[in-house]
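K.L.:
The structure is given below, and queries will be raised subsequently.
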Amino acid sequence: MGALLIPATIRTHGAFVGVLLAIEAICPLLLWCALSNREREENKVLQAMSITPFLFAIIFWIGFIKRIRWCLTVIVGYLAVWQVLQLGLLLIFVLKQHLGREDIFFLSAIVIFFTLNLYVLLVTLQLRKETAVKAERESQEELDTAVDRNCPKF
């Protein structure tokens with residue numbers, strides 16, 4: 001449950017997720033850079049919103065390329081919190097019950113981002129699992145090699 005049906009191509013999915021996280025990081029950063037200096041000083045929330053995804057995208061790429069499990073664990077935690085916030089926002093809009101034209105567009109955007117983040121979460125969990133299995137296999141090979149070196153041959 002929760003695993004992708006095509007684990008043989010998980011590295012390709014991981015690269016796609018890295019690109020999605022990079023795009024998610026670059027868009028608010030470009031918006032923040034487009035603001036004038038006065039607006040930048042006034043809008044500290046947008047500054048935080050532009051820097052936070054950028055840092056998480058870097059952490060993901062480090063965990064993906066170097067296969068560092070704790071980096072992927074940080075991303076899983078970030079995505080879990082983000083999913084709960086998006087689900088809450090989605091429920092608020094649904095409970096509002098009088099959706100206008102602009103609200104439908106915003107609601108659709110939330111559903112799309114929610115779905116994309118679920119995909120990112122699934123791929124990150126699968127990458128984390130693959131990294132753990134590979135690390136366990138490598139440690140077992142090192143142990144077997146050490147035992148072979150220390151045991152006399154008959």
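Order determines the names: the first chain of the structure tokens is A, the second B, and so forth; residues in each chain are numbered 1 upward, and ligands are numbered 1 upward as they are shown.
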Write out as a short mmCIF file (atom, residue, chain, number, x, y, z; two decimals) with C-alpha atoms, in the first residue's frame each polymer residue whose atoms come within 8 Å of Ile75 in chain A, counting only C-alpha atoms; drop sequence neighbours fewer than 4 positions from it.

P.N.:
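In the end it all went to result.cif:
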```
data_model
loop_
_atom_site.label_atom_id
_atom_site.label_comp_id
_atom_site.auth_asym_id
_atom_site.auth_seq_id
_atom_site.Cartn_x
_atom_site.Cartn_y
_atom_site.Cartn_z
CA PHE A 56 13.13 22.08 0.70
CA ILE A 59 17.18 19.25 0.56
CA PHE A 60 15.23 16.93 -1.77
CA CYS A 71 16.92 14.45 3.71
CA LEU A 79 4.79 17.29 2.59
CA THR A 124 9.56 10.44 -1.85
#
```

K.L.:
Which of these, A:Ala22, A:Leu30, A:Val76, A:Leu91, has the shortest distance to Leu125 in chain A once you count only C-alpha atoms?

P.N.:
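Comparing A:Ala22, A:Leu30, A:Val76, A:Leu91 against Leu125 in chain A, the winner is A:Val76.
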
K.L.:
What does the distance between CA of Leu21 in chain A and CA of Pro53 in chain A come to in Å, to one decimal place?

P.N.:
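These atoms are spaced 7.3 Å apart.
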
K.L.:
Tell me, in Å to one decimal, how far CA of Phe114 in chain A is from CA of Gly88 in chain A.

P.N.:
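Result for CA of Phe114 in chain A versus CA of Gly88 in chain A: 10.9 Å, one decimal.
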
K.L.:
I'd like the contact shell of Gln86 in chain A - 9 Å cut-off, only C-alpha atoms, skipping same-chain residues fewer than 4 positions apart - returned as a list in words.

P.N.:
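Answer for this query is Val81, Trp82, Leu90, Leu91, Ile110, Val111, Phe113 and Phe114 of chain A.
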
K.L.:
Excluding Phe64 in chain A and residues on its chain fewer than 6 positions from it, collect all residues at most 9 Å away from it, counting only C-alpha atoms, and give them as a list in words.

P.N.:
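Result of the neighbour search: Arg11, Gly14, Ala15, Gly18, Cys71, Leu72, Thr124, Leu127 and Arg128 of chain A.
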
K.L.:
Restricting it to C-alpha atoms, dump the selection as a JSON list (two decimals), in the first residue's frame.

P.N.:
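Written output follows (result_38.json):
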```json
[["chain", "number", "residue", "atom", "x", "y", "z"],
["A", 11, "ARG", "CA", 14.67, 7.25, -10.07],
["A", 14, "GLY", "CA", 12.28, 11.08, -8.37],
["A", 15, "ALA", "CA", 13.83, 13.34, -11.01],
["A", 18, "GLY", "CA", 12.69, 17.21, -8.11],
["A", 71, "CYS", "CA", 16.92, 14.45, 3.71],
["A", 72, "LEU", "CA", 14.06, 12.45, 2.22],
["A", 124, "THR", "CA", 9.56, 10.44, -1.85],
["A", 127, "LEU", "CA", 12.79, 6.71, -2.72],
["A", 128, "ARG", "CA", 13.28, 6.66, 1.04]]
```

K.L.:
Using only C-alpha atoms, pick whichever of A:Trp70, A:Ala80, A:Ile104, A:Ile65 has the shortest atom-to-atom distance to Thr12 in chain A.

P.N.:
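Of A:Trp70, A:Ala80, A:Ile104, A:Ile65, the one nearest Thr12 in chain A is A:Ile65, counting only C-alpha atoms.
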
K.L.:
Could you tell me which of A:Val17, A:Cys33, A:Leu87, A:Ala25 comes closest to Leu107 in chain A if we count only C-alpha atoms?

P.N.:
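Comparing A:Val17, A:Cys33, A:Leu87, A:Ala25 against Leu107 in chain A, the winner is A:Leu87.
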
K.L.:
Suppose you want the space between CA of Ala57 in chain A and CA of Asn117 in chain A; what is it in Å?

P.N.:
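Between these atoms lies a distance of 13.1 Å.
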
K.L.:
Could you check which of A:Thr115, A:Ser50, A:Ser139, A:Ser108 is closest to Ile23 in chain A, using only C-alpha atoms?

P.N.:
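Residue with the minimum atom-to-atom distance to Ile23 in chain A: A:Ser50.
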